Structure formats: structure tokens, C-alpha cells
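Visitor: One file: query-v3.csv (CSV, C-alpha atoms and all ligand atoms).
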```csv
chain,number,residue,atom,x,y,z
A,1,MET,CA,-11.1,16.0,-14.4
A,2,LYS,CA,-11.8,13.3,-17.0
A,3,ILE,CA,-14.7,10.9,-16.8
A,4,LEU,CA,-14.1,7.7,-18.8
A,5,ARG,CA,-16.4,4.8,-19.3
A,6,HIS,CA,-14.4,2.3,-21.3
A,7,PRO,CA,-11.5,0.3,-19.8
A,8,ASP,CA,-9.3,0.9,-23.0
A,9,ALA,CA,-9.6,4.7,-22.6
A,10,VAL,CA,-8.5,4.5,-19.0
A,11,ARG,CA,-5.6,2.2,-19.8
A,12,GLU,CA,-4.4,4.6,-22.5
A,13,GLU,CA,-4.6,7.7,-20.3
A,14,VAL,CA,-2.8,6.1,-17.4
A,15,MET,CA,-0.1,4.7,-19.7
A,16,GLN,CA,0.7,8.3,-20.8
A,17,TRP,CA,0.9,9.4,-17.2
A,18,ARG,CA,3.2,6.5,-16.3
A,19,CYS,CA,5.4,7.2,-19.3
A,20,HIS,CA,5.9,10.7,-17.8
A,21,GLY,CA,6.9,9.4,-14.5
A,22,GLN,CA,3.7,10.2,-12.6
A,23,GLN,CA,2.8,8.2,-9.4
A,24,VAL,CA,-0.8,6.9,-9.9
A,25,GLY,CA,-3.0,6.5,-6.9
A,26,PHE,CA,-6.3,4.5,-7.1
A,27,VAL,CA,-9.5,4.5,-5.1
A,28,PRO,CA,-11.9,1.8,-6.1
A,29,THR,CA,-15.5,2.4,-5.0
A,30,MET,CA,-19.1,1.4,-5.6
A,31,GLY,CA,-20.2,5.1,-5.5
A,32,TYR,CA,-22.7,6.9,-3.2
A,33,TRP,CA,-19.7,8.6,-1.6
A,34,HIS,CA,-19.6,9.8,1.9
A,35,ALA,CA,-16.8,11.3,4.1
A,36,GLY,CA,-15.1,7.8,4.3
A,37,HIS,CA,-14.7,7.7,0.5
A,38,VAL,CA,-13.5,11.3,0.6
A,39,SER,CA,-10.8,10.4,3.1
A,40,LEU,CA,-9.5,7.8,0.7
A,41,LEU,CA,-9.4,10.3,-2.1
A,42,ASP,CA,-7.6,12.8,0.1
A,43,ALA,CA,-5.0,10.1,1.1
A,44,ALA,CA,-4.4,9.3,-2.5
A,45,ARG,CA,-4.2,13.0,-3.4
A,46,GLN,CA,-1.6,13.6,-0.7
A,47,ARG,CA,0.5,10.6,-1.7
A,48,CYS,CA,0.3,10.5,-5.5
A,49,SER,CA,0.7,12.9,-8.4
A,50,LYS,CA,-2.4,11.5,-10.2
A,51,VAL,CA,-5.6,10.1,-8.7
A,52,VAL,CA,-8.0,7.7,-10.3
A,53,ALA,CA,-11.3,6.8,-8.7
A,54,SER,CA,-13.6,4.1,-10.0
A,55,ILE,CA,-17.4,3.9,-9.5
A,56,PHE,CA,-18.8,0.5,-10.3
A,57,VAL,CA,-21.5,-1.4,-8.4
A,58,ASN,CA,-19.9,-4.8,-9.0
A,59,PRO,CA,-22.6,-7.4,-9.5
A,60,THR,CA,-20.4,-10.4,-8.8
A,61,GLN,CA,-19.9,-9.5,-5.1
A,62,PHE,CA,-23.7,-9.5,-4.4
A,63,GLY,CA,-25.5,-12.7,-3.4
A,64,PRO,CA,-28.8,-13.6,-5.1
A,65,ASN,CA,-30.9,-12.1,-2.2
A,66,GLU,CA,-28.7,-9.1,-1.6
A,67,ASP,CA,-29.2,-5.4,-2.5
A,68,LEU,CA,-27.6,-5.1,-5.9
A,69,GLU,CA,-30.7,-3.6,-7.5
A,70,ARG,CA,-31.4,-1.1,-4.7
A,71,TYR,CA,-27.8,-0.3,-3.8
A,72,PRO,CA,-27.8,3.5,-3.5
A,73,ARG,CA,-26.4,5.5,-6.4
A,74,ASN,CA,-25.8,9.3,-6.9
A,75,LEU,CA,-23.3,9.8,-9.7
A,76,GLU,CA,-23.8,13.5,-9.9
A,77,ASN,CA,-22.9,14.0,-6.3
A,78,ASP,CA,-19.9,11.6,-6.5
A,79,LEU,CA,-18.5,13.5,-9.5
A,80,ALA,CA,-18.9,16.8,-7.7
A,81,LEU,CA,-17.0,15.4,-4.8
A,82,ALA,CA,-14.3,14.0,-7.1
A,83,GLN,CA,-13.9,17.4,-8.7
A,84,ALA,CA,-13.7,19.2,-5.4
A,85,HIS,CA,-11.1,16.7,-4.0
A,86,GLY,CA,-8.8,16.9,-7.0
A,87,VAL,CA,-9.4,13.6,-8.7
A,88,ASP,CA,-7.8,13.5,-12.1
A,89,LEU,CA,-9.9,10.7,-13.6
A,90,VAL,CA,-13.1,9.0,-12.7
A,91,PHE,CA,-13.7,5.5,-14.2
A,92,CYS,CA,-17.4,4.6,-14.5
A,93,PRO,CA,-17.5,1.4,-16.4
A,94,GLN,CA,-20.7,-0.4,-17.5
A,95,ALA,CA,-21.1,-4.0,-16.4
A,96,GLN,CA,-20.9,-5.3,-20.0
A,97,ASP,CA,-17.4,-3.7,-20.4
A,98,MET,CA,-16.2,-5.3,-17.2
A,99,TYR,CA,-17.6,-8.8,-17.6
A,100,THR,CA,-17.8,-10.6,-21.0
A,101,PRO,CA,-20.9,-12.8,-21.3
A,102,ASP,CA,-18.8,-15.9,-21.0
A,103,HIS,CA,-16.9,-14.6,-17.9
A,104,ASP,CA,-15.5,-17.7,-16.0
A,105,THR,CA,-12.2,-16.7,-14.4
A,106,TRP,CA,-12.2,-15.9,-10.7
A,107,VAL,CA,-9.7,-14.8,-8.1
A,108,GLU,CA,-10.2,-16.5,-4.8
A,109,VAL,CA,-8.5,-16.2,-1.4
A,110,PRO,CA,-10.3,-19.1,0.2
A,111,HIS,CA,-8.9,-19.2,3.7
A,112,LEU,CA,-9.3,-15.5,4.5
A,113,SER,CA,-12.7,-15.4,2.8
A,114,GLN,CA,-14.4,-18.2,4.6
A,115,GLY,CA,-15.1,-16.7,8.1
A,116,LEU,CA,-16.7,-13.5,9.4
A,117,CYS,CA,-18.6,-11.8,6.5
A,118,GLY,CA,-17.7,-14.6,4.1
A,119,ALA,CA,-19.7,-17.1,6.2
A,120,SER,CA,-23.0,-15.3,5.6
A,121,ARG,CA,-22.0,-13.8,2.2
A,122,PRO,CA,-20.8,-16.8,0.2
A,123,GLY,CA,-19.0,-15.8,-3.0
A,124,HIS,CA,-18.7,-12.1,-1.9
A,125,PHE,CA,-14.9,-12.0,-1.5
A,126,ARG,CA,-14.5,-14.0,-4.7
A,127,GLY,CA,-16.4,-11.2,-6.5
A,128,VAL,CA,-14.4,-8.5,-4.7
A,129,ALA,CA,-11.0,-10.1,-5.4
A,130,THR,CA,-11.9,-10.7,-9.0
A,131,VAL,CA,-13.1,-7.1,-9.7
A,132,VAL,CA,-10.2,-5.5,-7.8
A,133,THR,CA,-7.8,-7.6,-9.9
A,134,LYS,CA,-9.6,-6.6,-13.1
A,135,LEU,CA,-9.6,-2.9,-12.0
A,136,PHE,CA,-5.8,-3.1,-11.2
A,137,TRP,CA,-5.2,-4.5,-14.7
A,138,ILE,CA,-7.2,-1.7,-16.2
A,139,VAL,CA,-6.0,1.3,-14.1
A,140,GLN,CA,-2.5,-0.1,-13.4
A,141,PRO,CA,-2.0,2.1,-10.3
A,142,HIS,CA,1.2,2.3,-8.2
A,143,VAL,CA,-0.8,2.6,-4.9
A,144,ALA,CA,-4.5,1.7,-4.0
A,145,PHE,CA,-6.4,2.9,-1.0
A,146,PHE,CA,-9.1,0.9,0.9
A,147,GLY,CA,-11.0,1.7,4.1
A,148,GLU,CA,-10.3,-0.3,7.3
A,149,LYS,CA,-14.0,-0.5,8.0
A,150,ASP,CA,-14.1,-3.4,5.5
A,151,TRP,CA,-11.2,-5.1,7.4
A,152,GLN,CA,-11.7,-8.6,5.9
A,153,GLN,CA,-11.9,-7.1,2.4
A,154,LEU,CA,-8.6,-5.3,3.1
A,155,ALA,CA,-7.0,-8.6,4.4
A,156,VAL,CA,-8.2,-10.5,1.3
A,157,ILE,CA,-6.9,-7.8,-1.1
A,158,ARG,CA,-3.5,-7.6,0.7
A,159,ALA,CA,-3.2,-11.4,0.4
A,160,MET,CA,-4.3,-11.4,-3.2
A,161,VAL,CA,-1.7,-8.8,-4.2
A,162,ARG,CA,1.0,-10.8,-2.4
A,163,HIS,CA,0.0,-14.2,-3.8
A,164,LEU,CA,-0.3,-12.9,-7.4
A,165,SER,CA,2.8,-10.7,-7.2
A,166,CYS,CA,0.7,-7.7,-8.2
A,167,PRO,CA,2.8,-4.6,-8.4
A,168,VAL,CA,0.4,-2.4,-6.4
A,169,GLU,CA,1.0,-1.1,-2.9
A,170,ILE,CA,-2.1,-1.4,-0.7
A,171,VAL,CA,-2.8,1.3,1.8
A,172,GLY,CA,-5.5,0.9,4.5
A,173,CYS,CA,-7.1,4.1,5.8
A,174,PRO,CA,-8.9,4.5,9.2
A,175,THR,CA,-12.6,4.2,9.4
A,176,VAL,CA,-14.5,7.5,9.3
A,177,ARG,CA,-17.3,7.8,11.8
A,178,GLU,CA,-20.3,10.0,12.4
A,179,PRO,CA,-20.0,12.2,15.5
A,180,ASP,CA,-21.9,9.5,17.5
A,181,GLY,CA,-19.4,6.8,16.5
A,182,LEU,CA,-21.4,5.0,13.8
A,183,ALA,CA,-19.0,3.9,11.0
A,184,MET,CA,-19.9,5.7,7.8
A,185,SER,CA,-21.3,3.4,5.1
A,186,SER,CA,-23.4,3.9,2.0
A,187,ARG,CA,-25.8,1.4,3.4
A,188,ASN,CA,-26.6,3.6,6.5
A,189,VAL,CA,-29.1,5.3,4.2
A,190,TYR,CA,-31.3,2.2,4.6
A,191,LEU,CA,-31.8,2.8,8.4
A,192,THR,CA,-35.1,4.2,9.7
A,193,ALA,CA,-34.9,7.0,12.4
A,194,GLU,CA,-35.4,4.4,15.2
A,195,GLU,CA,-32.7,2.1,13.8
A,196,ARG,CA,-30.3,4.9,13.2
A,197,ALA,CA,-30.7,6.0,16.9
A,198,GLN,CA,-29.6,2.5,18.1
A,199,ALA,CA,-26.9,2.0,15.5
A,200,PRO,CA,-24.1,3.7,17.4
A,201,ALA,CA,-24.3,1.0,20.0
A,202,LEU,CA,-22.4,-1.3,17.6
A,203,PHE,CA,-19.2,0.8,18.0
A,204,ALA,CA,-19.9,1.5,21.7
A,205,MET,CA,-20.0,-2.2,22.2
A,206,LEU,CA,-16.5,-2.6,20.6
A,207,GLN,CA,-15.2,0.2,22.8
A,208,ASN,CA,-16.7,-1.5,25.8
A,209,LEU,CA,-14.7,-4.7,24.9
A,210,ARG,CA,-11.6,-2.7,24.5
A,211,GLN,CA,-12.1,-1.1,28.0
A,212,ARG,CA,-12.6,-4.6,29.4
A,213,VAL,CA,-9.3,-5.7,27.9
A,214,ALA,CA,-7.6,-2.6,29.2
A,215,GLY,CA,-9.1,-3.6,32.6
A,216,GLY,CA,-7.4,-7.0,32.5
A,217,GLU,CA,-10.0,-9.3,30.8
A,218,ARG,CA,-8.3,-11.7,28.4
A,219,ASN,CA,-10.9,-14.5,28.1
A,220,VAL,CA,-12.5,-14.4,24.6
A,221,ASP,CA,-15.7,-16.2,25.7
A,222,ALA,CA,-16.2,-13.7,28.5
A,223,LEU,CA,-15.7,-10.8,26.2
A,224,LYS,CA,-18.0,-12.2,23.6
A,225,GLY,CA,-20.7,-12.8,26.2
A,226,ALA,CA,-20.3,-9.2,27.4
A,227,GLY,CA,-20.6,-7.9,23.8
A,228,LEU,CA,-23.8,-9.9,23.2
A,229,ARG,CA,-25.3,-8.6,26.4
A,230,TYR,CA,-24.4,-5.1,25.5
A,231,LEU,CA,-26.0,-5.4,22.1
A,232,ALA,CA,-29.2,-7.1,23.5
A,233,GLU,CA,-29.6,-4.1,25.9
A,234,HIS,CA,-28.6,-1.2,23.6
A,235,LEU,CA,-29.4,-2.4,20.1
A,236,PRO,CA,-32.6,-4.6,20.5
A,237,LEU,CA,-33.7,-3.9,16.9
A,238,GLY,CA,-30.5,-5.6,15.6
A,239,ARG,CA,-30.0,-9.3,14.7
A,240,LEU,CA,-26.4,-10.3,15.2
A,241,ASP,CA,-24.6,-12.0,12.3
A,242,TYR,CA,-21.3,-12.5,14.1
A,243,LEU,CA,-19.1,-11.1,16.9
A,244,GLU,CA,-15.6,-12.5,16.5
A,245,ILE,CA,-12.3,-11.9,18.2
A,246,VAL,CA,-9.5,-12.6,15.8
A,247,HIS,CA,-5.9,-12.1,14.8
A,248,PRO,CA,-6.1,-9.0,12.5
A,249,ASP,CA,-3.9,-10.4,9.7
A,250,THR,CA,-4.8,-14.1,9.6
A,251,LEU,CA,-8.4,-13.6,10.9
A,252,VAL,CA,-8.0,-16.8,12.9
A,253,PRO,CA,-10.2,-16.7,16.0
A,254,ARG,CA,-8.3,-16.1,19.3
A,255,THR,CA,-9.0,-18.0,22.5
A,256,GLN,CA,-7.1,-15.5,24.6
A,257,VAL,CA,-6.6,-11.8,23.9
A,258,GLU,CA,-3.0,-11.0,23.1
A,259,PRO,CA,-1.5,-8.3,21.0
A,260,PRO,CA,-2.6,-7.8,18.2
A,261,THR,CA,-6.3,-8.7,18.6
A,262,LEU,CA,-9.2,-7.4,16.6
A,263,ALA,CA,-12.9,-7.5,17.5
A,264,ALA,CA,-15.1,-7.6,14.4
A,265,VAL,CA,-18.9,-7.5,14.3
A,266,ALA,CA,-21.7,-7.7,11.8
A,267,LEU,CA,-25.4,-7.1,12.5
A,268,PHE,CA,-28.6,-6.9,10.5
A,269,LEU,CA,-30.6,-3.8,11.3
A,270,GLY,CA,-33.7,-3.4,9.3
A,271,LYS,CA,-32.8,-3.4,5.6
A,272,ALA,CA,-29.1,-2.7,6.4
A,273,ARG,CA,-26.3,-5.0,7.4
A,274,LEU,CA,-23.8,-3.1,9.5
A,275,ILE,CA,-20.1,-4.1,10.0
A,276,ASP,CA,-17.5,-2.6,12.3
A,277,ASN,CA,-14.2,-3.6,13.9
A,278,LEU,CA,-11.8,-2.3,16.5
A,279,CYS,CA,-8.3,-3.3,17.7
A,280,ILE,CA,-8.9,-4.3,21.3
A,281,GLY,CA,-5.6,-5.7,22.4
A,301,LIG,O1,-15.4,-1.6,-0.9
A,301,LIG,C1,-16.0,-1.4,-2.0
A,301,LIG,O2,-16.6,-0.4,-2.2
A,301,LIG,C2,-16.0,-2.6,-3.0
A,301,LIG,O3,-16.0,-3.8,-2.4
A,301,LIG,C3,-14.8,-2.5,-4.0
A,301,LIG,C4,-13.5,-2.6,-3.3
A,301,LIG,C5,-14.9,-1.2,-4.7
A,301,LIG,C6,-14.9,-3.6,-5.0
A,301,LIG,O4,-16.1,-3.6,-5.7
```
For this file, write the structure as C-alpha cells.
Ligand code: PAF

Guide:
Amino acid sequence: MKILRHPDAVREEVMQWRCHGQQVGFVPTMGYWHAGHVSLLDAARQRCSKVVASIFVNPTQFGPNEDLERYPRNLENDLALAQAHGVDLVFCPQAQDMYTPDHDTWVEVPHLSQGLCGASRPGHFRGVATVVTKLFWIVQPHVAFFGEKDWQQLAVIRAMVRHLSCPVEIVGCPTVREPDGLAMSSRNVYLTAEERAQAPALFAMLQNLRQRVAGGERNVDALKGAGLRYLAEHLPLGRLDYLEIVHPDTLVPRTQVEPPTLAAVALFLGKARLIDNLCIG
């Protein structure tokens, strides 16, 4: 397994592979890997003859009051997992090699970025779309793998690739969960024991909404009301950011549940901000 820091070195290596007809799969990450990241590596390994993973805590997707400085990092463990899961190349760039001091070119997908997480994290998806575009230019993969937990991010990246005629196939992979249902996230490490005990209620609430839809409920306001009551009862330490019921591709809010419909939620819990989503109709 190669570990490369400089974009030019990665480009050169991948160019060689591509010249020899290899199919290159790419898993972009910010590190501090858990089983969710590993599932992306495994999906890439299964599908492609070469696998590249990147580890870069991208400063441009963090707001001024967010957790850029304290974002969890454990490069040694990530590299051990990369080795164990058959990654061929890990790209660990430094910020100065990703962004020149005069960086002033941005990739924006404004409509898909404005609601849900975009409403409370202005500029976040602009940072994500920009860094993913840059990573695609550097790594030049055939296929790239992203988790469905970050549903809005996946929608933004799919649109960005379509709009810019980017020759990369985007594959969404299912959310990996703890045995009690909590979606895996690097930020779960911020939770105290008491917060961690309440956190599974976020997914339980989404499942509860799905059951209500299965039982015939179609009214979005009624569902949202039920979701808020569920959280107030089972997750009192949390502070809701949003609970929305939307079309999964356009992210436009629904007024009535009709297939396909996605429920998406974000909630502040102590130092963490948890997100989750579930197809409910
Ligand atoms: O999902 C993430 O870890 C990040 O947003 C990504 C896609 C690696 C871009 O920095």
C-alpha cells in the first residue's frame, strides 16, 4: 500500500494504472475511520481493481464556529484499516497542497445546498463540492463511493457530477449502524455516556415515522408533529436542528407522503451534531 502526500504523486501513480486498463475506485474521507468508512472501502474493493482512499480534514467545509480544530484524527489506525481492507493508495494531502493562498474558485450547487443541513451550515456544501471536485481532478477515479448517511451531500455530489459532465460514477452505500441503531459517525466520539444512551432515539424516531406511514398516515404535518413529540420524550438532551420530509432526489419538502419520500433529521446533542435519514414511503 502506498501513502502519498502530494497531489502530483497521486496523479502520476493513477495515470500509470489507468494506462494499464485498471478500474480505479475512490473513497474520499476526513479520516477517523469507523465501520461506515470500511464499508465504503469494501464496496470499492469489490467493484474496482485499484482502490484509492483520501484522508483530508477539509477546512473549507467547516464554518467559523464549527469543530475544524478538534475534529477527531487517528491516522495510524486509519492506515492500519486501509492496509487490512486492501487499499492500494492512501492520499493524505496537506492543506497548503490542496488550497493555494489565493484560492478563489468554488463549486456550488445552490438549490440542493440551501435547505436541511445547508440552512444551519452556510457554505458547507460549497466546501464539500469544491474539495470533491479537486479530489476528482487529482485522483481521476472511474467510480467514487459515498455514504447515504450524508444524504444531502450525496445529492449535491451527484448533481455536481451531472452538471459539470464529470466522468466519475457516484455510488451511494447504505448507512452503517451501531447495534442499537445509531448511525456511525466520527463525531459520535463527542457524546458523553448519557448523551450516547439517548442518541439511538434519533433513528428510532425515523422508524416510528415509517411505521406510521405503513399504517396509512400520509399527512406530513402530522408526521412531523409525531416525530417532535417522540424526540422530546426519548431524547430530551437533544436540541432539534430540523426534521424534514422531502423528495429524496430534489430534497424539496413534501406536503403529503408519496413514493419516494425521505425523512431527514439533524439534532445537536452536547458537542455533537447528529444527522440521520430514512426512506419512509
Ligand atoms: O463525507 C466526508 O467525509 C467529507 O464531506 C468529504 C466527502 C470527504 C469531503 O471532505

Visitor: All residues within 6 Å of ligand LIG 301 (chain A) are required, counting all atoms listed in the file; please report them as an mmCIF file with C-alpha atoms, keeping the file's coordinate frame.

Guide:
```
data_model
loop_
_atom_site.group_PDB
_atom_site.id
_atom_site.type_symbol
_atom_site.label_atom_id
_atom_site.label_comp_id
_atom_site.auth_asym_id
_atom_site.auth_seq_id
_atom_site.Cartn_x
_atom_site.Cartn_y
_atom_site.Cartn_z
ATOM 1 C CA PRO A 28 -11.900 1.800 -6.100
ATOM 2 C CA THR A 29 -15.500 2.400 -5.000
ATOM 3 C CA MET A 30 -19.100 1.400 -5.600
ATOM 4 C CA ASN A 58 -19.900 -4.800 -9.000
ATOM 5 C CA VAL A 128 -14.400 -8.500 -4.700
ATOM 6 C CA VAL A 132 -10.200 -5.500 -7.800
#
```

Visitor: Determine the nearest neighbour of Leu68 in chain A from the options A:Arg162, A:Arg187, A:Arg45, A:Thr105, counting all atoms listed in the file.

Guide: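 Between A:Arg162, A:Arg187, A:Arg45, A:Thr105, the residue approaching Leu68 in chain A most closely is A:Arg187.
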
Visitor: Smallest atom-to-atom distance to Pro200 in chain A: which of A:Val51, A:Ala214, A:Leu262, A:Leu269, using all atoms listed in the file?

Guide: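 Smallest separation from Pro200 in chain A among the options: A:Leu269.
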
Visitor: Choose the residue, out of A:Phe268, A:Ser165, A:Leu4, A:Arg70, that has the smallest atom-to-atom separation from Cys117 in chain A; count only C-alpha atoms.

Guide: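 Of all the options, A:Phe268 lies closest to Cys117 in chain A.
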
Visitor: When you count only C-alpha atoms, which of these residues is closest to Asp8 in chain A: A:Glu233, A:Asp97, A:Glu178, A:Asp276?

Guide: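 Looking at the shortest contact to Asp8 in chain A, the residue is A:Asp97.
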
Visitor: Show me the residues around (-27.5, 1.0, 2.6) - criterion: an atom at most 8 Å away, all atoms listed in the file counted - as a PDB file with C-alpha atoms, in the frame of the given file.

Guide:
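Final output, saved to part.pdb:
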```pdb
ATOM      1  CA  TYR A  71     -27.800  -0.300  -3.800  1.00  0.00           C
ATOM      2  CA  PRO A  72     -27.800   3.500  -3.500  1.00  0.00           C
ATOM      3  CA  SER A 185     -21.300   3.400   5.100  1.00  0.00           C
ATOM      4  CA  SER A 186     -23.400   3.900   2.000  1.00  0.00           C
ATOM      5  CA  ARG A 187     -25.800   1.400   3.400  1.00  0.00           C
ATOM      6  CA  ASN A 188     -26.600   3.600   6.500  1.00  0.00           C
ATOM      7  CA  VAL A 189     -29.100   5.300   4.200  1.00  0.00           C
ATOM      8  CA  TYR A 190     -31.300   2.200   4.600  1.00  0.00           C
ATOM      9  CA  LEU A 191     -31.800   2.800   8.400  1.00  0.00           C
ATOM     10  CA  LYS A 271     -32.800  -3.400   5.600  1.00  0.00           C
ATOM     11  CA  ALA A 272     -29.100  -2.700   6.400  1.00  0.00           C
ATOM     12  CA  ARG A 273     -26.300  -5.000   7.400  1.00  0.00           C
TER      13      ARG A 273
END
```

Visitor: Which residues, protein or nucleic acid, reach to within 12 Å of (-9.3, 9.1, -14.0) in the file's coordinates when using only C-alpha atoms, and can you give that as a PyMOL selection string?

Guide: chain A and resi 1-7+9-15+17+24-28+41+50-55+79+82-83+86-93+138-141

Visitor: Could you tell me which of A:Gly118, A:Pro59, A:Pro167, A:Gly238 comes closest to Gln153 in chain A if we count all atoms listed in the file?

Guide: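 Residue with the minimum atom-to-atom distance to Gln153 in chain A: A:Gly118.
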
Visitor: What is the CA of Pro122 in chain A-CA of Asn65 in chain A distance in Å, reported with one decimal?

Guide: 11.4 Å

Visitor: Name the closest residue to Arg177 in chain A among the candidates A:Ala95, A:Leu202, A:Leu240, A:Ala159; distances are taken between atoms, counting all atoms listed in the file.

Guide: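 Of A:Ala95, A:Leu202, A:Leu240, A:Ala159, the one nearest Arg177 in chain A is A:Leu202, counting all atoms listed in the file.
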